[in-house]
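J.: work_6.tsv is reproduced in full below (TSV, C-alpha atoms).
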```
chain	number	residue	atom	x	y	z
D	1	MET	CA	40.80	21.46	185.87
D	2	SER	CA	41.06	24.87	184.20
D	3	PRO	CA	39.27	27.76	185.93
D	4	SER	CA	35.94	28.96	184.55
D	5	ILE	CA	35.21	32.61	183.81
D	6	ALA	CA	33.09	32.69	186.97
D	7	ASP	CA	36.21	31.65	188.93
D	8	LEU	CA	38.18	34.51	187.41
D	9	PHE	CA	35.69	37.03	188.79
D	10	ARG	CA	35.57	35.54	192.27
D	11	PRO	CA	38.29	37.90	193.56
D	12	LEU	CA	35.77	40.75	193.16
D	13	ARG	CA	33.93	39.34	196.16
D	14	ALA	CA	36.99	39.97	198.28
D	15	LEU	CA	36.41	43.69	197.70
D	16	ALA	CA	33.37	43.63	199.98
D	17	PRO	CA	33.38	47.02	201.73
D	18	PRO	CA	33.39	47.33	205.51
D	19	ASN	CA	30.68	49.98	205.78
D	20	ARG	CA	27.81	51.47	203.83
D	21	LEU	CA	29.67	54.61	202.77
D	22	ASP	CA	32.44	52.55	201.20
D	23	ARG	CA	29.89	50.22	199.67
D	24	ASP	CA	28.03	53.11	198.01
D	25	GLN	CA	31.29	54.58	196.76
D	26	ARG	CA	32.34	51.24	195.28
D	27	LEU	CA	28.95	50.78	193.66
D	28	ARG	CA	29.10	54.27	192.17
D	29	LEU	CA	32.59	53.55	190.83
D	30	ARG	CA	31.45	50.31	189.21
D	31	MET	CA	28.38	52.03	187.79
D	32	ALA	CA	30.55	54.79	186.35
D	33	ILE	CA	32.84	52.23	184.70
D	34	ALA	CA	29.87	50.22	183.45
D	35	THR	CA	28.22	53.37	182.07
D	36	GLY	CA	31.40	54.23	180.20
D	37	LEU	CA	31.55	50.75	178.71
D	38	VAL	CA	27.85	50.77	177.83
D	39	ILE	CA	28.43	53.96	175.82
D	40	ALA	CA	31.81	52.95	174.37
D	41	LEU	CA	30.96	49.43	173.20
D	42	PRO	CA	28.41	50.51	170.54
D	43	PHE	CA	31.04	52.82	169.03
D	44	ALA	CA	33.56	49.98	169.03
D	45	PHE	CA	30.95	47.68	167.48
D	46	VAL	CA	30.23	50.08	164.60
D	47	TYR	CA	33.88	50.86	163.93
D	48	ALA	CA	34.73	47.15	163.95
D	49	PHE	CA	32.35	46.80	161.00
D	50	VAL	CA	33.82	49.90	159.34
D	51	PHE	CA	37.27	48.33	159.60
D	52	LEU	CA	36.06	45.04	158.17
D	53	ILE	CA	34.28	46.75	155.29
D	54	ASN	CA	37.47	48.61	154.35
D	55	ALA	CA	39.81	45.68	154.99
D	56	VAL	CA	37.70	42.86	153.56
D	57	GLY	CA	34.53	44.22	151.97
D	58	LEU	CA	36.11	46.63	149.49
D	59	PRO	CA	38.75	44.14	148.23
D	60	LEU	CA	35.91	41.63	147.87
D	61	LEU	CA	33.95	44.21	145.88
D	62	GLU	CA	36.94	44.80	143.62
D	63	TRP	CA	37.25	41.06	143.03
D	64	ALA	CA	33.54	40.67	142.34
D	65	ASN	CA	33.37	43.59	139.86
D	66	GLU	CA	36.83	42.94	138.38
D	67	ARG	CA	37.79	46.59	138.64
D	68	PRO	CA	39.54	48.70	141.29
D	69	TYR	CA	37.53	50.62	143.83
D	70	THR	CA	38.89	53.89	145.16
D	71	GLY	CA	37.97	55.41	148.48
D	72	GLU	CA	37.03	54.09	151.91
D	73	PHE	CA	33.83	53.53	153.81
D	74	TYR	CA	33.33	56.25	156.42
D	75	VAL	CA	30.91	56.90	159.28
D	76	ASP	CA	30.41	60.45	160.50
D	77	PRO	CA	31.35	60.35	164.22
D	78	VAL	CA	28.90	63.15	165.07
D	79	LEU	CA	26.01	61.33	163.40
D	80	LEU	CA	27.04	58.07	165.05
D	81	THR	CA	27.18	59.76	168.47
D	82	VAL	CA	23.69	61.16	167.98
D	83	VAL	CA	22.29	57.79	166.87
D	84	ILE	CA	23.86	55.89	169.78
D	85	LEU	CA	22.85	58.43	172.42
D	86	VAL	CA	19.30	58.59	171.06
D	87	GLY	CA	19.14	54.79	171.09
D	88	LEU	CA	20.30	54.64	174.70
D	89	ALA	CA	17.88	57.41	175.66
D	90	VAL	CA	14.98	55.53	174.05
D	91	GLN	CA	15.93	52.39	175.98
D	92	TYR	CA	16.26	54.43	179.18
D	93	ARG	CA	12.75	55.81	178.63
D	94	TYR	CA	10.90	52.78	177.28
D	95	GLY	CA	13.04	49.85	178.42
D	96	PRO	CA	11.21	49.45	181.76
D	97	ARG	CA	7.90	49.07	179.92
D	98	THR	CA	9.40	46.41	177.69
D	99	VAL	CA	10.73	44.48	180.68
D	100	LEU	CA	7.39	44.76	182.44
D	101	ARG	CA	5.54	43.42	179.40
D	102	SER	CA	8.04	40.61	178.91
D	103	VAL	CA	7.14	39.08	182.30
D	104	GLY	CA	3.43	39.82	182.12
D	105	GLY	CA	3.60	42.46	184.85
D	106	ARG	CA	0.58	44.69	185.39
D	107	ARG	CA	0.46	47.87	187.44
D	108	VAL	CA	-2.02	47.47	190.26
D	109	SER	CA	-3.96	49.96	192.37
D	110	PRO	CA	-4.08	50.23	196.17
D	111	ASP	CA	-7.62	48.82	196.04
D	112	GLU	CA	-6.37	45.60	194.44
D	113	TYR	CA	-3.33	45.08	196.71
D	114	PRO	CA	-3.76	47.36	199.74
D	115	GLU	CA	-1.18	45.64	201.97
D	116	LEU	CA	1.48	45.61	199.24
D	117	HIS	CA	0.90	49.29	198.42
D	118	ALA	CA	1.01	50.20	202.11
D	119	ALA	CA	4.32	48.38	202.50
D	120	VAL	CA	5.83	50.09	199.45
D	121	THR	CA	4.65	53.51	200.66
D	122	ARG	CA	6.05	53.01	204.16
D	123	LEU	CA	9.39	51.58	203.02
D	124	ALA	CA	9.85	54.21	200.32
D	125	ALA	CA	9.50	56.88	203.00
D	126	GLN	CA	12.06	55.07	205.16
D	127	ALA	CA	14.42	54.79	202.18
D	128	ASP	CA	13.86	58.48	201.33
D	129	VAL	CA	12.83	57.78	197.73
D	130	PRO	CA	9.59	58.71	195.94
D	131	LYS	CA	7.01	55.96	196.07
D	132	PRO	CA	7.30	53.91	192.85
D	133	ASP	CA	4.47	52.29	190.96
D	134	VAL	CA	3.55	48.77	192.01
D	135	ALA	CA	3.10	45.94	189.52
D	136	VAL	CA	2.22	42.29	189.95
D	137	ALA	CA	3.03	39.40	187.61
D	138	ARG	CA	0.92	36.26	187.80
D	139	THR	CA	3.33	33.34	187.77
D	140	GLU	CA	4.40	30.41	189.92
D	141	LEU	CA	7.93	31.82	190.01
D	142	PRO	CA	8.49	33.60	193.35
D	143	ASN	CA	10.55	36.68	192.57
D	144	ALA	CA	10.67	40.47	192.42
D	145	PHE	CA	12.57	43.24	190.66
D	146	ALA	CA	12.59	46.98	190.06
D	147	VAL	CA	12.86	49.03	186.88
D	148	GLY	CA	13.20	52.75	186.24
D	149	THR	CA	14.57	55.62	188.29
D	150	PRO	CA	13.78	56.90	191.81
D	151	GLY	CA	11.24	59.39	190.45
D	152	ASN	CA	9.76	57.13	187.78
D	153	GLY	CA	10.23	53.56	188.95
D	154	THR	CA	8.20	50.41	189.33
D	155	VAL	CA	8.57	47.63	191.86
D	156	VAL	CA	7.37	44.31	190.43
D	157	VAL	CA	6.48	41.30	192.56
D	158	THR	CA	5.01	37.99	191.52
D	159	THR	CA	1.90	36.40	192.94
D	160	ALA	CA	4.00	33.38	193.97
D	161	LEU	CA	6.29	35.62	196.03
D	162	LEU	CA	3.35	37.16	197.88
D	163	GLU	CA	2.10	33.67	198.70
D	164	ALA	CA	5.51	32.31	199.74
D	165	LEU	CA	6.69	35.07	202.10
D	166	ASP	CA	5.38	36.45	205.35
D	167	ASP	CA	4.95	40.19	205.87
D	168	ASP	CA	8.47	40.82	207.25
D	169	GLU	CA	10.09	38.84	204.44
D	170	ARG	CA	7.98	40.64	201.83
D	171	ASP	CA	8.98	44.01	203.31
D	172	ALA	CA	12.65	43.01	203.15
D	173	VAL	CA	12.35	42.12	199.46
D	174	VAL	CA	10.51	45.38	198.71
D	175	ALA	CA	13.25	47.31	200.53
D	176	HIS	CA	15.86	45.48	198.47
D	177	GLU	CA	14.16	46.63	195.26
D	178	LEU	CA	13.77	50.18	196.53
D	179	ALA	CA	17.51	50.19	197.18
D	180	HIS	CA	18.09	49.36	193.50
D	181	LEU	CA	15.96	52.36	192.54
D	182	ALA	CA	17.77	54.61	195.03
D	183	ASN	CA	21.15	53.49	193.69
D	184	ARG	CA	19.92	54.01	190.09
D	185	ASP	CA	21.44	50.71	189.06
D	186	ALA	CA	18.04	49.41	187.91
D	187	SER	CA	17.95	51.90	185.03
D	188	LEU	CA	21.60	51.25	184.17
D	189	MET	CA	20.94	47.51	183.95
D	190	THR	CA	18.06	48.18	181.55
D	191	VAL	CA	20.10	50.48	179.30
D	192	ALA	CA	23.06	48.08	179.37
D	193	TRP	CA	20.92	45.45	177.65
D	194	VAL	CA	20.70	47.44	174.37
D	195	LEU	CA	23.92	46.13	172.81
D	196	PRO	CA	23.36	42.48	173.78
D	197	THR	CA	19.92	42.70	172.16
D	198	VAL	CA	21.19	44.30	168.93
D	199	THR	CA	24.17	41.98	168.57
D	200	TYR	CA	22.04	38.91	169.34
D	201	TYR	CA	19.56	39.64	166.57
D	202	LEU	CA	22.33	40.50	164.10
D	203	ALA	CA	24.03	37.20	164.88
D	204	VAL	CA	20.75	35.33	164.44
D	205	LEU	CA	20.12	37.10	161.12
D	206	ALA	CA	23.61	36.23	159.87
D	207	PHE	CA	23.12	32.61	160.92
D	208	TYR	CA	19.86	32.31	159.01
D	209	VAL	CA	21.44	33.88	155.93
D	210	LEU	CA	24.14	31.19	156.04
D	211	TYR	CA	21.54	28.51	156.70
D	212	GLY	CA	19.38	29.75	153.82
D	213	LEU	CA	22.37	29.75	151.48
D	214	PHE	CA	23.28	26.21	152.54
D	215	ARG	CA	19.71	25.03	151.94
D	216	PHE	CA	19.65	26.77	148.54
D	217	LEU	CA	22.81	25.00	147.44
D	218	SER	CA	21.80	21.64	148.94
D	219	VAL	CA	18.61	21.49	146.85
D	220	GLY	CA	20.45	22.19	143.62
D	221	GLY	CA	20.30	25.95	143.54
D	222	GLY	CA	23.87	26.02	142.31
D	223	SER	CA	23.16	24.07	139.12
D	224	GLY	CA	21.67	25.13	135.83
D	225	GLY	CA	23.17	25.31	132.38
D	226	ASN	CA	22.00	28.82	131.67
D	227	ARG	CA	23.47	30.31	134.81
D	228	ASP	CA	26.54	32.45	134.82
D	229	GLY	CA	28.94	30.25	136.82
D	230	ARG	CA	31.20	33.07	137.90
D	231	ALA	CA	28.33	35.33	138.98
D	232	LEU	CA	26.92	32.53	141.11
D	233	ALA	CA	30.31	31.81	142.68
D	234	VAL	CA	30.84	35.51	143.39
D	235	GLY	CA	27.42	35.78	145.00
D	236	ILE	CA	28.06	32.74	147.19
D	237	VAL	CA	31.47	34.01	148.31
D	238	VAL	CA	30.23	37.54	149.05
D	239	ILE	CA	27.21	36.33	151.02
D	240	THR	CA	29.23	33.75	152.94
D	241	VAL	CA	32.06	36.10	153.88
D	242	SER	CA	29.65	38.90	154.87
D	243	ALA	CA	27.49	36.58	156.99
D	244	VAL	CA	30.45	34.90	158.69
D	245	LEU	CA	32.07	38.22	159.59
D	246	THR	CA	28.77	39.64	160.83
D	247	LEU	CA	28.13	36.55	162.91
D	248	THR	CA	31.65	36.59	164.37
D	249	VAL	CA	31.75	40.27	165.29
D	250	SER	CA	28.20	40.24	166.66
D	251	ALA	CA	28.95	37.18	168.78
D	252	MET	CA	32.12	38.76	170.18
D	253	PHE	CA	30.39	41.98	171.20
D	254	TRP	CA	27.37	40.08	172.51
D	255	PHE	CA	29.68	38.05	174.72
D	256	GLY	CA	31.52	41.14	176.00
D	257	SER	CA	28.39	43.17	176.69
D	258	VAL	CA	26.62	40.29	178.48
D	259	LEU	CA	29.73	39.73	180.58
D	260	ILE	CA	29.76	43.38	181.69
D	261	HIS	CA	26.02	43.20	182.42
D	262	ARG	CA	26.41	40.14	184.63
D	263	VAL	CA	29.48	41.31	186.55
D	264	LEU	CA	27.73	44.59	187.46
D	265	SER	CA	24.61	42.64	188.41
D	266	ARG	CA	26.54	40.50	190.91
D	267	TYR	CA	27.98	43.43	192.84
D	268	ARG	CA	24.81	45.50	192.98
D	269	GLU	CA	23.00	42.69	194.82
D	270	TYR	CA	25.37	42.95	197.79
D	271	ALA	CA	24.82	46.71	197.91
D	272	ALA	CA	21.03	46.33	197.78
D	273	ASP	CA	21.08	43.60	200.45
D	274	GLY	CA	22.96	45.86	202.83
D	275	ALA	CA	20.71	48.85	202.13
D	276	ALA	CA	17.56	46.72	202.60
D	277	ALA	CA	18.85	45.54	205.96
D	278	GLU	CA	19.30	49.16	207.06
D	279	ILE	CA	15.90	50.26	205.71
D	280	THR	CA	13.96	47.52	207.50
D	281	GLY	CA	16.31	47.12	210.47
D	282	SER	CA	15.99	43.34	210.02
D	283	PRO	CA	18.79	41.64	208.06
D	284	ALA	CA	17.40	38.29	209.19
D	285	ALA	CA	14.11	38.93	207.36
D	286	LEU	CA	15.86	39.34	204.01
D	287	ALA	CA	18.05	36.31	204.73
D	288	SER	CA	14.96	34.25	205.46
D	289	ALA	CA	13.24	35.54	202.30
D	290	LEU	CA	16.22	34.61	200.12
D	291	GLU	CA	16.33	31.13	201.64
D	292	THR	CA	12.62	30.64	201.03
D	293	LEU	CA	12.85	31.81	197.41
D	294	ASP	CA	15.92	29.68	196.79
D	295	GLU	CA	14.23	26.57	198.19
D	296	SER	CA	11.10	27.23	196.13
D	297	MET	CA	12.92	27.54	192.79
D	298	PRO	CA	13.22	23.81	191.98
D	299	ALA	CA	9.43	23.41	192.16
D	300	VAL	CA	8.76	26.16	189.60
D	301	PRO	CA	7.33	24.82	186.30
D	302	GLU	CA	9.71	25.11	183.38
D	303	ARG	CA	7.11	27.17	181.50
D	304	ASP	CA	7.30	29.93	184.11
D	305	LEU	CA	11.10	29.83	184.16
D	306	ARG	CA	11.25	30.26	180.38
D	307	GLU	CA	8.94	33.27	180.55
D	308	PHE	CA	11.23	34.97	183.06
D	309	ASP	CA	14.52	33.77	181.53
D	310	GLY	CA	16.05	36.37	179.24
D	311	GLY	CA	17.67	39.78	179.57
D	312	ALA	CA	15.70	40.59	182.72
D	313	GLU	CA	16.98	37.73	184.87
D	314	ALA	CA	19.82	39.90	186.16
D	315	LEU	CA	17.21	42.20	187.74
D	316	TYR	CA	15.57	39.62	189.98
D	317	VAL	CA	16.05	39.48	193.74
D	318	ALA	CA	16.59	35.69	193.58
D	319	PRO	CA	18.68	34.11	190.81
D	320	LEU	CA	17.19	31.68	188.33
D	321	GLU	CA	20.50	29.78	188.40
D	322	SER	CA	19.44	28.14	191.65
D	323	ARG	CA	16.89	26.02	189.80
D	324	ALA	CA	17.49	22.32	190.22
D	325	PHE	CA	17.07	21.19	186.66
D	326	GLY	CA	19.22	21.44	183.57
D	327	ASP	CA	16.87	22.69	180.87
D	328	GLU	CA	19.13	23.54	177.95
D	329	GLU	CA	16.70	26.21	176.75
D	330	LEU	CA	17.45	28.31	179.81
D	331	VAL	CA	20.42	30.67	180.01
D	332	SER	CA	23.61	28.74	180.71
D	333	THR	CA	26.03	29.70	183.46
D	334	ASP	CA	28.81	27.44	182.20
D	335	VAL	CA	30.37	30.29	180.18
D	336	PHE	CA	29.27	33.45	181.98
D	337	PRO	CA	29.50	34.31	185.66
D	338	GLU	CA	26.12	33.98	187.33
D	339	THR	CA	23.87	37.02	187.45
D	340	HIS	CA	23.82	36.96	191.27
D	341	PRO	CA	26.30	36.20	194.05
D	342	PRO	CA	25.73	32.79	195.65
D	343	THR	CA	22.56	32.94	197.74
D	344	ARG	CA	24.34	31.10	200.53
D	345	GLU	CA	26.97	33.84	200.70
D	346	ARG	CA	24.33	36.59	200.67
D	347	VAL	CA	22.47	34.85	203.50
D	348	ARG	CA	25.69	34.39	205.49
D	349	ARG	CA	26.49	38.11	205.29
D	350	LEU	CA	22.98	39.06	206.32
D	351	ARG	CA	23.04	36.61	209.24
D	352	GLU	CA	26.34	38.09	210.38
D	353	ARG	CA	24.87	41.57	210.15
D	354	ALA	CA	21.85	40.40	212.19
D	355	GLY	CA	24.22	39.02	214.82
D	356	GLU	CA	26.05	42.33	215.01
D	357	ALA	CA	22.78	44.20	215.41
D	358	ALA	CA	21.57	41.88	218.18
```
Now that the file is in, can you turn its structure into structure tokens?

T.:
Amino acid sequence: MSPSIADLFRPLRALAPPNRLDRDQRLRLRMAIATGLVIALPFAFVYAFVFLINAVGLPLLEWANERPYTGEFYVDPVLLTVVILVGLAVQYRYGPRTVLRSVGGRRVSPDEYPELHAAVTRLAAQADVPKPDVAVARTELPNAFAVGTPGNGTVVVTTALLEALDDDERDAVVAHELAHLANRDASLMTVAWVLPTVTYYLAVLAFYVLYGLFRFLSVGGGSGGNRDGRALAVGIVVITVSAVLTLTVSAMFWFGSVLIHRVLSRYREYAADGAAAEITGSPAALASALETLDESMPAVPERDLREFDGGAEALYVAPLESRAFGDEELVSTDVFPETHPPTRERVRRLRERAGEAA
């Protein structure tokens, strides 16, 4: 049996650092590499289209107009840099709000959830980070995540999580999310989802253009005695070639950007697990919380899974991949590595750490 892409990335787990200093250094290194790729890939995406326009589009234009075309398509690198950086900055600023809305999260006051706010306040002080906002999402999916930066972050928990965990387990999960804010990987994960979103919608648009053209021709749109046969053929060829190339390039960059997003997501969970164990002083509490969440996942209604399944699933403390049903509408892990390390492995490491601390 040939190895899957997930198998190819398994050696990264062997790089598990022996102490927190090394772990933080490794996380910073991976974040630096990921940040570079997040910035570089949009440039590569645009210049891939520039190349295709010059290599394919202009010759196609010459053929369609039956006359030579002089010159080349050009994109000002300074203007492109400004556009890309502004786009990333906008996502950095407003992305957390979008994620929060996508899962139905609502910021809550201390009067509404006094125990949760007290826990966040206490653990934020222990983690030496500013207290983030607290939001709650009403769903039967037990999970939690964090968005934003240490000074402007939000910890989101679901009502199902608050019902499923005891106080120590809840504190361990909150500490895990505070660690993501402290490491600043929560904001990087949000910004890194810009290119997958853009390329996904471009690919969908190109697909529907091809589908619309097919439907047009299938209902007789290509017939008619008064039509200019060559003009129709030229239009069909130009639309088809443009849509196919757009679909192909968008799909390639979508695949690459999602792969980067998921690989970074896997490593940051180990770092946050270790930091949460140090913040609370109870690795066993987080291990128990992960086991509880993992065991609860199969009972979650498919409706709730669909609402949480999308670009934000890499942010969650517990992976959606542990669900025990094969709904094809949910994100597949057959092609990509999973967003999280195996829960069993995370629990094993935490149990070992608890044994060392005993």

J.: Could you please determine the separation between atom CA of Val204 of chain D and atom CA of Ala48 of chain D in Å, to one decimal place?

T.: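 These two atoms are separated by 18.3 Å.
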
J.: Just give me the residues with any atom within 8 Å of (19.9, 41.8, 193.1), file coordinates, counting only C-alpha atoms, written as a list in words.

T.: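 Residues close enough to count: Phe145, His176, Glu177, His180, Ser265, Arg266, Arg268, Glu269, Tyr270, Ala272, Asp273, Ala314, Leu315, Tyr316, Val317, Ala318 and His340 of chain D.
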
J.: Keeping only C-alpha atoms, write those residues as an mmCIF file, in the coordinates of the input.

T.:
```cif
data_model
loop_
_atom_site.group_PDB
_atom_site.id
_atom_site.type_symbol
_atom_site.label_atom_id
_atom_site.label_comp_id
_atom_site.auth_asym_id
_atom_site.auth_seq_id
_atom_site.Cartn_x
_atom_site.Cartn_y
_atom_site.Cartn_z
ATOM 1 C CA PHE D 145 12.570 43.240 190.660
ATOM 2 C CA HIS D 176 15.860 45.480 198.470
ATOM 3 C CA GLU D 177 14.160 46.630 195.260
ATOM 4 C CA HIS D 180 18.090 49.360 193.500
ATOM 5 C CA SER D 265 24.610 42.640 188.410
ATOM 6 C CA ARG D 266 26.540 40.500 190.910
ATOM 7 C CA ARG D 268 24.810 45.500 192.980
ATOM 8 C CA GLU D 269 23.000 42.690 194.820
ATOM 9 C CA TYR D 270 25.370 42.950 197.790
ATOM 10 C CA ALA D 272 21.030 46.330 197.780
ATOM 11 C CA ASP D 273 21.080 43.600 200.450
ATOM 12 C CA ALA D 314 19.820 39.900 186.160
ATOM 13 C CA LEU D 315 17.210 42.200 187.740
ATOM 14 C CA TYR D 316 15.570 39.620 189.980
ATOM 15 C CA VAL D 317 16.050 39.480 193.740
ATOM 16 C CA ALA D 318 16.590 35.690 193.580
ATOM 17 C CA HIS D 340 23.820 36.960 191.270
#
```

J.: Have a look at D:Leu27, D:Leu350, D:Val38, D:Val234 and name the one nearest to Leu259 of chain D; count only C-alpha atoms.

T.: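 Using only C-alpha atoms, Leu259 of chain D sits closest to D:Val38.
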
J.: Which polymer residues have any atom within 10 Å of an atom of Leu162 of chain D, counting all atoms listed in the file, with same-chain residues fewer than 6 positions away left out, as a list in words?

T.: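 Counting all atoms listed in the file, the residues come to Leu116, Val136, Pro142, Asn143, Ala144, Glu169 and Arg170 of chain D.
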
J.: Closest to Leu58 of chain D among D:Ser242, D:Thr158, D:Ser257, D:Ser102, using all atoms listed in the file?

T.: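 Under the stated criterion, the closest residue is D:Ser242.
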
J.: Which is closest to Asn183 of chain D among D:Ile84, D:Leu79, D:Leu305, D:Ala275, if we use only C-alpha atoms?

T.: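 Ranked by minimum distance to Asn183 of chain D, first place goes to D:Ala275.
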
J.: Using only C-alpha atoms, determine which residues lie at most 12 Å from Leu37 of chain D, disregarding the query and same-chain residues fewer than 3 positions distant; provide the list as a PDB file with C-alpha atoms, keeping the file's coordinate frame.

T.:
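In the end it all went to selection-v7.pdb:
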```pdb
ATOM      1  CA  ARG D  30      31.450  50.310 189.210  1.00  0.00           C
ATOM      2  CA  MET D  31      28.380  52.030 187.790  1.00  0.00           C
ATOM      3  CA  ALA D  32      30.550  54.790 186.350  1.00  0.00           C
ATOM      4  CA  ILE D  33      32.840  52.230 184.700  1.00  0.00           C
ATOM      5  CA  ALA D  34      29.870  50.220 183.450  1.00  0.00           C
ATOM      6  CA  ALA D  40      31.810  52.950 174.370  1.00  0.00           C
ATOM      7  CA  LEU D  41      30.960  49.430 173.200  1.00  0.00           C
ATOM      8  CA  PRO D  42      28.410  50.510 170.540  1.00  0.00           C
ATOM      9  CA  PHE D  43      31.040  52.820 169.030  1.00  0.00           C
ATOM     10  CA  ALA D  44      33.560  49.980 169.030  1.00  0.00           C
ATOM     11  CA  PHE D  45      30.950  47.680 167.480  1.00  0.00           C
ATOM     12  CA  LEU D 188      21.600  51.250 184.170  1.00  0.00           C
ATOM     13  CA  VAL D 191      20.100  50.480 179.300  1.00  0.00           C
ATOM     14  CA  ALA D 192      23.060  48.080 179.370  1.00  0.00           C
ATOM     15  CA  TRP D 193      20.920  45.450 177.650  1.00  0.00           C
ATOM     16  CA  LEU D 195      23.920  46.130 172.810  1.00  0.00           C
ATOM     17  CA  PHE D 253      30.390  41.980 171.200  1.00  0.00           C
ATOM     18  CA  GLY D 256      31.520  41.140 176.000  1.00  0.00           C
ATOM     19  CA  SER D 257      28.390  43.170 176.690  1.00  0.00           C
ATOM     20  CA  VAL D 258      26.620  40.290 178.480  1.00  0.00           C
ATOM     21  CA  LEU D 259      29.730  39.730 180.580  1.00  0.00           C
ATOM     22  CA  ILE D 260      29.760  43.380 181.690  1.00  0.00           C
ATOM     23  CA  HIS D 261      26.020  43.200 182.420  1.00  0.00           C
ATOM     24  CA  LEU D 264      27.730  44.590 187.460  1.00  0.00           C
TER      25      LEU D 264
END
```

J.: State, in Å with one decimal place, the distance from atom CA of Ile236 of chain D to atom CA of Leu213 of chain D.

T.: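 Straight-line distance from atom CA of Ile236 of chain D to atom CA of Leu213 of chain D works out to 7.7 Å.
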
J.: Can you tell me how far atom CA of Tyr74 of chain D sits from atom CA of Ile39 of chain D, in Å to one decimal?

T.: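 Pair atom CA of Tyr74 of chain D / atom CA of Ile39 of chain D returns 20.1 Å.
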
J.: Considering all atoms listed in the file, can you say which of D:Tyr47, D:Tyr92, D:Phe255, D:Trp63 comes closest to Asp76 of chain D?

T.: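 Among the listed residues, the smallest separation from Asp76 of chain D belongs to D:Tyr47.
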
J.: Compute the distance from (9.9, 39.6, 183.5) to each atom, counting only C-alpha atoms, keep the residues with any atom at most 6 Å away, and return them as an MDAnalysis selection string; use the coordinates of the file.

T.: chainID D and resid 99:100 102:103 308 312

J.: So which residues touch Ala175 of chain D within 12 Å, counting all atoms listed in the file, skipping near sequence neighbours fewer than 6 positions away, as a VMD selection string?

T.: chain D and resid 116 119 to 129 131 to 132 144 to 146 155 168 to 169 181 to 182 271 to 283 285 to 286 289 317

J.: Would you mind telling me which residue in D:Thr149, D:Phe49, D:Val347, D:Gly95 lies nearest to Arg184 of chain D when using all atoms listed in the file?

T.: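 Checking each of D:Thr149, D:Phe49, D:Val347, D:Gly95 against Arg184 of chain D, counting all atoms listed in the file, the winner is D:Thr149.
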
J.: Pick out the closest residue to Ser109 of chain D from this set: D:Thr199, D:Leu85, D:Asp133, D:Gly36. Count all atoms listed in the file.

T.: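 Smallest distance to Ser109 of chain D is found for D:Asp133.
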